[in-house]
>>> print(open('upload-v5.txt').read())   # compact mmCIF, N, CA and C atoms
# COMPACT_ATOMS: atom_id res chain seq x y z
N MET A 50 -33.06 -6.60 -33.93
CA MET A 50 -31.85 -5.88 -33.55
C MET A 50 -30.66 -6.52 -34.26
N PRO A 51 -29.87 -5.77 -35.02
CA PRO A 51 -28.73 -6.34 -35.72
C PRO A 51 -27.67 -6.82 -34.74
N THR A 52 -26.88 -7.81 -35.19
CA THR A 52 -25.81 -8.31 -34.33
C THR A 52 -24.73 -7.26 -34.19
N LYS A 53 -23.99 -7.31 -33.10
CA LYS A 53 -22.92 -6.36 -32.85
C LYS A 53 -21.64 -6.82 -33.53
N GLU A 54 -20.75 -5.88 -33.80
CA GLU A 54 -19.44 -6.16 -34.38
C GLU A 54 -18.67 -7.08 -33.45
N VAL A 55 -18.10 -8.14 -33.97
CA VAL A 55 -17.34 -9.09 -33.19
C VAL A 55 -15.86 -8.90 -33.50
N GLU A 56 -15.05 -8.91 -32.47
CA GLU A 56 -13.61 -8.77 -32.65
C GLU A 56 -13.04 -10.15 -32.97
N ILE A 57 -12.54 -10.31 -34.19
CA ILE A 57 -11.94 -11.57 -34.62
C ILE A 57 -10.46 -11.51 -34.29
N GLN A 58 -9.96 -12.59 -33.68
CA GLN A 58 -8.57 -12.61 -33.25
C GLN A 58 -7.68 -13.19 -34.34
N GLU A 59 -6.79 -12.35 -34.88
CA GLU A 59 -5.77 -12.86 -35.80
C GLU A 59 -4.61 -13.27 -34.93
N ILE A 60 -4.26 -14.55 -34.96
CA ILE A 60 -3.24 -15.04 -34.02
C ILE A 60 -1.88 -15.25 -34.65
N GLY A 61 -1.78 -15.15 -35.95
CA GLY A 61 -0.47 -15.33 -36.54
C GLY A 61 -0.46 -15.07 -38.03
N SER A 62 0.74 -14.84 -38.53
CA SER A 62 0.91 -14.62 -39.95
C SER A 62 2.26 -15.21 -40.35
N ILE A 63 2.23 -16.18 -41.23
CA ILE A 63 3.45 -16.81 -41.71
C ILE A 63 3.42 -16.76 -43.23
N SER A 64 4.48 -16.25 -43.81
CA SER A 64 4.59 -16.17 -45.27
C SER A 64 3.38 -15.45 -45.83
N ASN A 65 2.59 -16.12 -46.67
CA ASN A 65 1.41 -15.50 -47.28
C ASN A 65 0.12 -15.94 -46.60
N CYS A 66 0.21 -16.49 -45.40
CA CYS A 66 -0.97 -17.02 -44.71
C CYS A 66 -1.23 -16.25 -43.41
N ARG A 67 -2.53 -16.11 -43.10
CA ARG A 67 -2.94 -15.51 -41.83
C ARG A 67 -3.84 -16.51 -41.11
N THR A 68 -3.65 -16.65 -39.81
CA THR A 68 -4.43 -17.58 -39.02
C THR A 68 -5.34 -16.80 -38.08
N TYR A 69 -6.63 -17.17 -38.08
CA TYR A 69 -7.63 -16.54 -37.22
C TYR A 69 -8.17 -17.60 -36.26
N LYS A 70 -8.49 -17.16 -35.06
CA LYS A 70 -9.03 -18.06 -34.04
C LYS A 70 -10.36 -17.51 -33.57
N ILE A 71 -11.34 -18.41 -33.45
CA ILE A 71 -12.64 -18.03 -32.93
C ILE A 71 -13.17 -19.21 -32.11
N ARG A 72 -13.93 -18.92 -31.08
CA ARG A 72 -14.42 -19.95 -30.15
C ARG A 72 -15.85 -20.34 -30.48
N THR A 73 -16.09 -21.66 -30.56
CA THR A 73 -17.45 -22.23 -30.61
C THR A 73 -17.51 -23.16 -29.40
N CYS A 74 -17.80 -24.44 -29.60
CA CYS A 74 -17.68 -25.40 -28.50
C CYS A 74 -16.22 -25.80 -28.33
N LYS A 75 -15.40 -25.36 -29.26
CA LYS A 75 -13.96 -25.57 -29.25
C LYS A 75 -13.33 -24.38 -29.96
N ASP A 76 -12.04 -24.28 -29.96
CA ASP A 76 -11.39 -23.24 -30.74
C ASP A 76 -11.32 -23.69 -32.20
N ILE A 77 -11.75 -22.80 -33.10
CA ILE A 77 -11.68 -23.06 -34.54
C ILE A 77 -10.58 -22.16 -35.09
N TYR A 78 -9.69 -22.73 -35.89
CA TYR A 78 -8.61 -21.98 -36.52
C TYR A 78 -8.85 -21.97 -38.02
N ILE A 79 -8.94 -20.79 -38.59
CA ILE A 79 -9.14 -20.64 -40.03
C ILE A 79 -7.86 -20.02 -40.59
N ILE A 80 -7.23 -20.73 -41.50
CA ILE A 80 -5.98 -20.27 -42.11
C ILE A 80 -6.30 -19.83 -43.53
N ILE A 81 -6.05 -18.56 -43.82
CA ILE A 81 -6.29 -18.00 -45.14
C ILE A 81 -4.93 -17.77 -45.78
N CYS A 82 -4.67 -18.43 -46.90
CA CYS A 82 -3.39 -18.28 -47.61
C CYS A 82 -3.63 -17.56 -48.93
N TYR A 83 -2.76 -16.61 -49.19
CA TYR A 83 -2.89 -15.75 -50.37
C TYR A 83 -1.88 -16.16 -51.44
N LYS A 84 -2.19 -15.84 -52.68
CA LYS A 84 -1.31 -16.17 -53.80
C LYS A 84 -0.02 -15.34 -53.71
N ASN A 85 1.08 -15.95 -54.11
CA ASN A 85 2.36 -15.24 -54.17
C ASN A 85 2.25 -14.09 -55.16
N GLY A 86 2.67 -12.92 -54.73
CA GLY A 86 2.65 -11.75 -55.60
C GLY A 86 1.28 -11.11 -55.76
N GLU A 87 0.23 -11.72 -55.22
CA GLU A 87 -1.13 -11.16 -55.28
C GLU A 87 -1.74 -11.20 -53.88
N PRO A 88 -1.37 -10.26 -53.03
CA PRO A 88 -1.76 -10.32 -51.62
C PRO A 88 -3.26 -10.21 -51.35
N ASP A 89 -4.05 -9.84 -52.35
CA ASP A 89 -5.50 -9.75 -52.14
C ASP A 89 -6.26 -10.96 -52.68
N LYS A 90 -5.56 -11.90 -53.32
CA LYS A 90 -6.22 -13.08 -53.90
C LYS A 90 -5.98 -14.30 -53.02
N ILE A 91 -7.06 -14.89 -52.54
CA ILE A 91 -6.96 -16.07 -51.69
C ILE A 91 -6.58 -17.27 -52.55
N ASP A 92 -5.55 -17.99 -52.12
CA ASP A 92 -5.10 -19.19 -52.80
C ASP A 92 -5.85 -20.41 -52.26
N TYR A 93 -5.88 -20.53 -50.92
CA TYR A 93 -6.64 -21.62 -50.31
C TYR A 93 -6.97 -21.31 -48.86
N ILE A 94 -7.92 -22.09 -48.34
CA ILE A 94 -8.40 -21.94 -46.96
C ILE A 94 -8.27 -23.29 -46.28
N ARG A 95 -7.82 -23.29 -45.03
CA ARG A 95 -7.76 -24.50 -44.22
C ARG A 95 -8.46 -24.20 -42.90
N ILE A 96 -9.20 -25.18 -42.40
CA ILE A 96 -9.93 -25.03 -41.14
C ILE A 96 -9.55 -26.19 -40.23
N ASN A 97 -9.16 -25.87 -39.00
CA ASN A 97 -8.80 -26.88 -38.00
C ASN A 97 -9.53 -26.57 -36.71
N ALA A 98 -9.69 -27.59 -35.88
CA ALA A 98 -10.28 -27.41 -34.55
C ALA A 98 -9.25 -27.82 -33.51
N SER A 99 -9.37 -27.25 -32.31
CA SER A 99 -8.38 -27.49 -31.27
C SER A 99 -8.54 -28.84 -30.58
N SER A 100 -9.71 -29.37 -30.58
CA SER A 100 -10.00 -30.55 -29.77
C SER A 100 -9.70 -31.85 -30.50
N LYS A 101 -9.08 -32.78 -29.79
CA LYS A 101 -8.89 -34.12 -30.36
C LYS A 101 -10.23 -34.86 -30.39
N ASP A 102 -11.12 -34.47 -29.49
CA ASP A 102 -12.48 -35.01 -29.47
C ASP A 102 -13.35 -34.09 -30.32
N ASN A 103 -13.10 -34.10 -31.60
CA ASN A 103 -13.75 -33.19 -32.52
C ASN A 103 -15.03 -33.83 -33.04
N ASN A 104 -16.17 -33.43 -32.46
CA ASN A 104 -17.45 -34.01 -32.86
C ASN A 104 -17.82 -33.71 -34.30
N CYS A 105 -17.28 -32.64 -34.86
CA CYS A 105 -17.59 -32.27 -36.24
C CYS A 105 -16.79 -33.09 -37.24
N ALA A 106 -15.78 -33.76 -36.79
CA ALA A 106 -14.92 -34.62 -37.59
C ALA A 106 -13.97 -33.80 -38.47
N VAL A 107 -12.74 -34.22 -38.43
CA VAL A 107 -11.71 -33.56 -39.21
C VAL A 107 -12.05 -33.58 -40.70
N SER A 108 -12.61 -34.67 -41.17
CA SER A 108 -12.92 -34.76 -42.60
C SER A 108 -13.99 -33.74 -43.01
N PHE A 109 -14.93 -33.44 -42.12
CA PHE A 109 -15.94 -32.43 -42.42
C PHE A 109 -15.29 -31.06 -42.58
N LEU A 110 -14.39 -30.69 -41.67
CA LEU A 110 -13.72 -29.40 -41.76
C LEU A 110 -12.82 -29.33 -42.99
N GLU A 111 -12.18 -30.44 -43.34
CA GLU A 111 -11.35 -30.45 -44.55
C GLU A 111 -12.22 -30.30 -45.80
N ALA A 112 -13.37 -30.97 -45.82
CA ALA A 112 -14.28 -30.85 -46.96
C ALA A 112 -14.81 -29.42 -47.08
N LEU A 113 -15.18 -28.82 -45.95
CA LEU A 113 -15.64 -27.44 -45.97
C LEU A 113 -14.54 -26.50 -46.43
N SER A 114 -13.30 -26.76 -46.00
CA SER A 114 -12.15 -25.96 -46.47
C SER A 114 -12.04 -26.01 -47.98
N ASP A 115 -12.14 -27.21 -48.54
CA ASP A 115 -12.03 -27.37 -49.99
C ASP A 115 -13.17 -26.67 -50.73
N LEU A 116 -14.39 -26.80 -50.23
CA LEU A 116 -15.54 -26.15 -50.86
C LEU A 116 -15.42 -24.62 -50.80
N LEU A 117 -14.99 -24.10 -49.65
CA LEU A 117 -14.83 -22.66 -49.53
C LEU A 117 -13.70 -22.15 -50.42
N THR A 118 -12.62 -22.90 -50.51
CA THR A 118 -11.53 -22.53 -51.41
C THR A 118 -12.05 -22.44 -52.83
N PHE A 119 -12.79 -23.45 -53.25
CA PHE A 119 -13.38 -23.49 -54.60
C PHE A 119 -14.27 -22.26 -54.83
N ALA A 120 -15.14 -21.96 -53.87
CA ALA A 120 -16.08 -20.85 -54.01
C ALA A 120 -15.37 -19.50 -54.01
N VAL A 121 -14.45 -19.30 -53.09
CA VAL A 121 -13.79 -18.00 -52.94
C VAL A 121 -12.91 -17.69 -54.15
N ARG A 122 -12.29 -18.69 -54.73
CA ARG A 122 -11.46 -18.46 -55.92
C ARG A 122 -12.28 -17.95 -57.10
N ARG A 123 -13.58 -18.20 -57.08
CA ARG A 123 -14.44 -17.83 -58.20
C ARG A 123 -15.25 -16.57 -57.98
N ILE A 124 -15.00 -15.87 -56.88
CA ILE A 124 -15.73 -14.64 -56.59
C ILE A 124 -15.39 -13.60 -57.66
N ARG A 125 -16.42 -13.05 -58.28
CA ARG A 125 -16.23 -12.02 -59.30
C ARG A 125 -16.66 -10.64 -58.82
N ASN A 126 -17.50 -10.59 -57.79
CA ASN A 126 -17.98 -9.29 -57.30
C ASN A 126 -18.41 -9.42 -55.84
N VAL A 127 -18.72 -8.30 -55.23
CA VAL A 127 -19.06 -8.27 -53.81
C VAL A 127 -20.36 -9.04 -53.53
N HIS A 128 -21.26 -9.11 -54.50
CA HIS A 128 -22.52 -9.83 -54.30
C HIS A 128 -22.27 -11.33 -54.11
N GLU A 129 -21.33 -11.87 -54.86
CA GLU A 129 -21.00 -13.29 -54.72
C GLU A 129 -20.31 -13.55 -53.38
N ALA A 130 -19.46 -12.63 -52.94
CA ALA A 130 -18.82 -12.76 -51.63
C ALA A 130 -19.87 -12.74 -50.53
N ARG A 131 -20.83 -11.81 -50.64
CA ARG A 131 -21.91 -11.73 -49.65
C ARG A 131 -22.74 -13.01 -49.62
N ALA A 132 -22.98 -13.60 -50.78
CA ALA A 132 -23.77 -14.84 -50.85
C ALA A 132 -23.07 -15.98 -50.11
N ILE A 133 -21.76 -16.07 -50.26
CA ILE A 133 -21.00 -17.12 -49.55
C ILE A 133 -21.12 -16.92 -48.05
N ILE A 134 -20.91 -15.67 -47.60
CA ILE A 134 -20.99 -15.37 -46.17
C ILE A 134 -22.39 -15.62 -45.64
N LYS A 135 -23.40 -15.17 -46.37
CA LYS A 135 -24.80 -15.32 -45.94
C LYS A 135 -25.16 -16.79 -45.74
N ASN A 136 -24.61 -17.67 -46.56
CA ASN A 136 -24.93 -19.09 -46.45
C ASN A 136 -24.18 -19.79 -45.33
N LEU A 137 -23.22 -19.12 -44.72
CA LEU A 137 -22.52 -19.68 -43.56
C LEU A 137 -23.04 -19.12 -42.24
N ARG A 138 -23.49 -17.87 -42.24
CA ARG A 138 -23.83 -17.18 -41.01
C ARG A 138 -25.16 -17.62 -40.40
N PHE A 139 -25.22 -17.50 -39.09
CA PHE A 139 -26.41 -17.64 -38.27
C PHE A 139 -27.00 -19.05 -38.20
N HIS A 140 -26.22 -20.07 -38.59
CA HIS A 140 -26.65 -21.44 -38.31
C HIS A 140 -26.41 -21.67 -36.82
N LYS A 141 -27.31 -22.39 -36.18
CA LYS A 141 -27.20 -22.61 -34.74
C LYS A 141 -26.88 -24.08 -34.46
N CYS A 142 -26.02 -24.29 -33.48
CA CYS A 142 -25.63 -25.63 -33.04
C CYS A 142 -26.02 -25.77 -31.57
N LEU A 143 -26.65 -26.87 -31.23
CA LEU A 143 -27.07 -27.09 -29.84
C LEU A 143 -25.89 -27.35 -28.91
N ASN A 144 -24.74 -27.71 -29.48
CA ASN A 144 -23.55 -28.00 -28.68
C ASN A 144 -22.70 -26.75 -28.43
N CYS A 145 -23.06 -25.63 -29.01
CA CYS A 145 -22.25 -24.41 -28.94
C CYS A 145 -22.71 -23.54 -27.77
N PRO A 146 -21.88 -23.38 -26.75
CA PRO A 146 -22.27 -22.54 -25.61
C PRO A 146 -22.17 -21.06 -25.96
N ILE A 147 -22.78 -20.22 -25.14
CA ILE A 147 -22.65 -18.78 -25.30
C ILE A 147 -21.16 -18.45 -25.13
N ASN A 148 -20.63 -17.63 -26.04
CA ASN A 148 -19.20 -17.32 -26.00
C ASN A 148 -18.98 -15.86 -26.35
N LYS A 149 -17.79 -15.37 -26.04
CA LYS A 149 -17.48 -13.94 -26.25
C LYS A 149 -17.50 -13.56 -27.72
N ASP A 150 -17.26 -14.51 -28.63
CA ASP A 150 -17.24 -14.23 -30.06
C ASP A 150 -18.65 -14.22 -30.67
N LYS A 151 -19.64 -14.60 -29.88
CA LYS A 151 -21.04 -14.65 -30.32
C LYS A 151 -21.23 -15.59 -31.51
N ALA A 152 -20.38 -16.61 -31.60
CA ALA A 152 -20.52 -17.62 -32.65
C ALA A 152 -21.59 -18.62 -32.23
N MET A 153 -22.52 -18.90 -33.13
CA MET A 153 -23.63 -19.81 -32.81
C MET A 153 -23.35 -21.24 -33.27
N SER A 154 -22.31 -21.42 -34.10
CA SER A 154 -21.94 -22.73 -34.61
C SER A 154 -20.58 -22.60 -35.29
N CYS A 155 -20.01 -23.72 -35.69
CA CYS A 155 -18.75 -23.68 -36.44
C CYS A 155 -18.96 -22.95 -37.77
N ALA A 156 -20.07 -23.22 -38.45
CA ALA A 156 -20.34 -22.54 -39.73
C ALA A 156 -20.46 -21.04 -39.53
N ASP A 157 -21.15 -20.62 -38.47
CA ASP A 157 -21.30 -19.20 -38.18
C ASP A 157 -19.94 -18.56 -37.89
N ALA A 158 -19.10 -19.25 -37.13
CA ALA A 158 -17.76 -18.74 -36.81
C ALA A 158 -16.93 -18.57 -38.08
N ILE A 159 -16.98 -19.54 -38.95
CA ILE A 159 -16.24 -19.47 -40.22
C ILE A 159 -16.78 -18.33 -41.07
N GLY A 160 -18.09 -18.16 -41.10
CA GLY A 160 -18.70 -17.06 -41.83
C GLY A 160 -18.29 -15.71 -41.29
N GLN A 161 -18.18 -15.59 -39.97
CA GLN A 161 -17.74 -14.33 -39.37
C GLN A 161 -16.34 -13.97 -39.84
N ILE A 162 -15.45 -14.94 -39.81
CA ILE A 162 -14.07 -14.68 -40.20
C ILE A 162 -13.97 -14.38 -41.69
N LEU A 163 -14.64 -15.17 -42.52
CA LEU A 163 -14.60 -14.90 -43.96
C LEU A 163 -15.21 -13.53 -44.29
N GLY A 164 -16.24 -13.14 -43.57
CA GLY A 164 -16.83 -11.82 -43.77
C GLY A 164 -15.81 -10.72 -43.51
N LYS A 165 -15.02 -10.90 -42.46
CA LYS A 165 -13.98 -9.93 -42.14
C LYS A 165 -12.88 -9.94 -43.20
N VAL A 166 -12.44 -11.12 -43.60
CA VAL A 166 -11.37 -11.25 -44.59
C VAL A 166 -11.80 -10.71 -45.95
N LEU A 167 -13.03 -11.02 -46.35
CA LEU A 167 -13.54 -10.58 -47.66
C LEU A 167 -14.14 -9.17 -47.61
N LYS A 168 -14.13 -8.58 -46.41
CA LYS A 168 -14.62 -7.21 -46.20
C LYS A 168 -16.10 -7.05 -46.56
N VAL A 169 -16.91 -8.04 -46.17
CA VAL A 169 -18.35 -7.95 -46.38
C VAL A 169 -19.10 -8.25 -45.08
N GLU A 170 -18.45 -8.09 -43.93
CA GLU A 170 -19.07 -8.43 -42.66
C GLU A 170 -20.22 -7.51 -42.28
N GLY A 171 -20.34 -6.34 -42.88
CA GLY A 171 -21.41 -5.42 -42.55
C GLY A 171 -22.76 -5.81 -43.13
N GLU A 172 -22.79 -6.79 -43.99
CA GLU A 172 -24.04 -7.21 -44.64
C GLU A 172 -24.65 -8.41 -43.92
N GLU A 173 -24.95 -8.23 -42.64
CA GLU A 173 -25.49 -9.32 -41.86
C GLU A 173 -27.00 -9.18 -41.72
N LYS A 174 -27.66 -10.33 -41.68
CA LYS A 174 -29.10 -10.26 -41.44
C LYS A 174 -29.33 -10.09 -39.94
N GLU A 175 -30.54 -9.75 -39.60
CA GLU A 175 -30.84 -9.55 -38.18
C GLU A 175 -30.89 -10.87 -37.47
N ASN A 176 -30.41 -10.87 -36.25
CA ASN A 176 -30.40 -12.05 -35.41
C ASN A 176 -31.74 -12.16 -34.70
N PRO A 177 -32.50 -13.23 -34.94
CA PRO A 177 -33.83 -13.34 -34.33
C PRO A 177 -33.77 -13.51 -32.83
>>> encode(input="upload-v5.txt", output="structure tokens")
Amino acid sequence: MPTKEVEIQEIGSISNCRTYKIRTCKDIYIIICYKNGEPDKIDYIRINASSKDNNCAVSFLEALSDLLTFAVRRIRNVHEARAIIKNLRFHKCLNCPINKDKAMSCADAIGQILGKVLKVEGEEKENP
């Protein structure tokens, strides 16, 4: 059975950046910033967590932000965008409780938001 559409909460927009919030074991904030004068081109991505007791470590989220920024800047077609999303989605974390966003891990939550932003969220594999 395919997963259901998840409502991603956009919580703010400042200048050329949009902030999205999704719940895992903590609130994850994904900030997508676009290039000046090119509103469809992502300039960089930042990922933060709400908890000071961040078991995933701030450095891990910063490293993932940098890797995703690198990858997204090099997308040439929808297939490459789908590949990035596919490699983030459906990872499971034992620390992640059942939540309204149906996120199974921080990576899955980030993949959900990037899928929505890159407009490839419909290409999801079936949830076992």
>>> closest_residue(input="upload-v5.txt", among="A:Thr118, A:Thr73, A:Ser108, A:Leu113", to="Tyr93 in chain A", atoms="all atoms listed in the file")
A:Thr118
>>> closest_residue(input="upload-v5.txt", among="A:Asn144, A:Ser64, A:Gly86, A:Arg95", to="Ile159 in chain A", atoms="only C-alpha atoms")
A:Arg95
>>> closest_residue(input="upload-v5.txt", among="A:Val127, A:Ile96, A:Ile133, A:Cys74", to="Asp115 in chain A", atoms="all atoms listed in the file")
A:Ile96
>>> atom_distance(input="upload-v5.txt", atom1="CA of Ile162 in chain A", atom2="CA of Lys149 in chain A")
14.4 Å
>>> residues_around(input="upload-v5.txt", residues="Asp76 in chain A", least_positions_apart="3", cutoff="7 Å", atoms="only C-alpha atoms", output="list of chain:residue names")
A:Lys70, A:Ile71, A:Arg72, A:Thr73, A:Ala98, A:Ser99
>>> atom_distance(input="upload-v5.txt", atom1="atom C of Glu111 in chain A", atom2="atom C of Asn126 in chain A")
24.0 Å
>>> atom_distance(input="upload-v5.txt", atom1="CA of Ile77 in chain A", atom2="atom N of Ser154 in chain A")
10.8 Å
>>> residues_near_point(input="upload-v5.txt", point="(-8.5, -13.6, -56.7)", cutoff="8 Å", atoms="only C-alpha atoms", output="ChimeraX atom specification")
/A:87,89-92,121-124
>>> decode(input="upload-v5.txt", residues="range 89-132 of chain A", atoms="C-alpha atoms", output="PDB file, in the first residue's frame")
ATOM      1  CA  ASP A  89      13.420  28.269  -8.712  1.00  0.00           C
ATOM      2  CA  LYS A  90      17.151  27.626  -8.098  1.00  0.00           C
ATOM      3  CA  ILE A  91      18.159  26.484  -4.631  1.00  0.00           C
ATOM      4  CA  ASP A  92      21.216  28.323  -3.326  1.00  0.00           C
ATOM      5  CA  TYR A  93      21.642  26.383  -0.080  1.00  0.00           C
ATOM      6  CA  ILE A  94      19.894  24.204   2.490  1.00  0.00           C
ATOM      7  CA  ARG A  95      20.170  24.379   6.282  1.00  0.00           C
ATOM      8  CA  ILE A  96      18.769  21.829   8.725  1.00  0.00           C
ATOM      9  CA  ASN A  97      18.229  22.471  12.446  1.00  0.00           C
ATOM     10  CA  ALA A  98      16.571  20.555  15.264  1.00  0.00           C
ATOM     11  CA  SER A  99      14.522  22.024  18.097  1.00  0.00           C
ATOM     12  CA  SER A 100      16.059  20.088  20.950  1.00  0.00           C
ATOM     13  CA  LYS A 101      19.174  21.110  22.843  1.00  0.00           C
ATOM     14  CA  ASP A 102      19.471  17.401  23.634  1.00  0.00           C
ATOM     15  CA  ASN A 103      19.993  16.600  19.981  1.00  0.00           C
ATOM     16  CA  ASN A 104      21.008  12.939  19.764  1.00  0.00           C
ATOM     17  CA  CYS A 105      21.742  13.297  16.047  1.00  0.00           C
ATOM     18  CA  ALA A 106      24.303  16.013  16.790  1.00  0.00           C
ATOM     19  CA  VAL A 107      24.338  19.439  15.281  1.00  0.00           C
ATOM     20  CA  SER A 108      27.438  18.606  13.247  1.00  0.00           C
ATOM     21  CA  PHE A 109      25.618  15.702  11.566  1.00  0.00           C
ATOM     22  CA  LEU A 110      22.742  17.952  10.479  1.00  0.00           C
ATOM     23  CA  GLU A 111      25.202  20.599   9.261  1.00  0.00           C
ATOM     24  CA  ALA A 112      27.130  17.980   7.274  1.00  0.00           C
ATOM     25  CA  LEU A 113      23.896  16.655   5.764  1.00  0.00           C
ATOM     26  CA  SER A 114      22.904  20.246   4.895  1.00  0.00           C
ATOM     27  CA  ASP A 115      26.177  20.743   3.050  1.00  0.00           C
ATOM     28  CA  LEU A 116      25.907  17.427   1.183  1.00  0.00           C
ATOM     29  CA  LEU A 117      22.321  18.125   0.140  1.00  0.00           C
ATOM     30  CA  THR A 118      23.239  21.635  -0.981  1.00  0.00           C
ATOM     31  CA  PHE A 119      26.051  20.156  -3.095  1.00  0.00           C
ATOM     32  CA  ALA A 120      23.731  17.524  -4.612  1.00  0.00           C
ATOM     33  CA  VAL A 121      20.739  19.786  -5.250  1.00  0.00           C
ATOM     34  CA  ARG A 122      22.845  22.447  -6.987  1.00  0.00           C
ATOM     35  CA  ARG A 123      23.895  19.806  -9.521  1.00  0.00           C
ATOM     36  CA  ILE A 124      20.452  18.466 -10.413  1.00  0.00           C
ATOM     37  CA  ARG A 125      20.094  18.427 -14.191  1.00  0.00           C
ATOM     38  CA  ASN A 126      16.797  16.562 -14.556  1.00  0.00           C
ATOM     39  CA  VAL A 127      13.882  15.098 -12.619  1.00  0.00           C
ATOM     40  CA  HIS A 128      15.550  11.666 -12.463  1.00  0.00           C
ATOM     41  CA  GLU A 129      18.453  13.070 -10.455  1.00  0.00           C
ATOM     42  CA  ALA A 130      16.041  14.870  -8.117  1.00  0.00           C
ATOM     43  CA  ARG A 131      14.133  11.601  -7.607  1.00  0.00           C
ATOM     44  CA  ALA A 132      17.397   9.771  -6.845  1.00  0.00           C
TER      45      ALA A 132
END
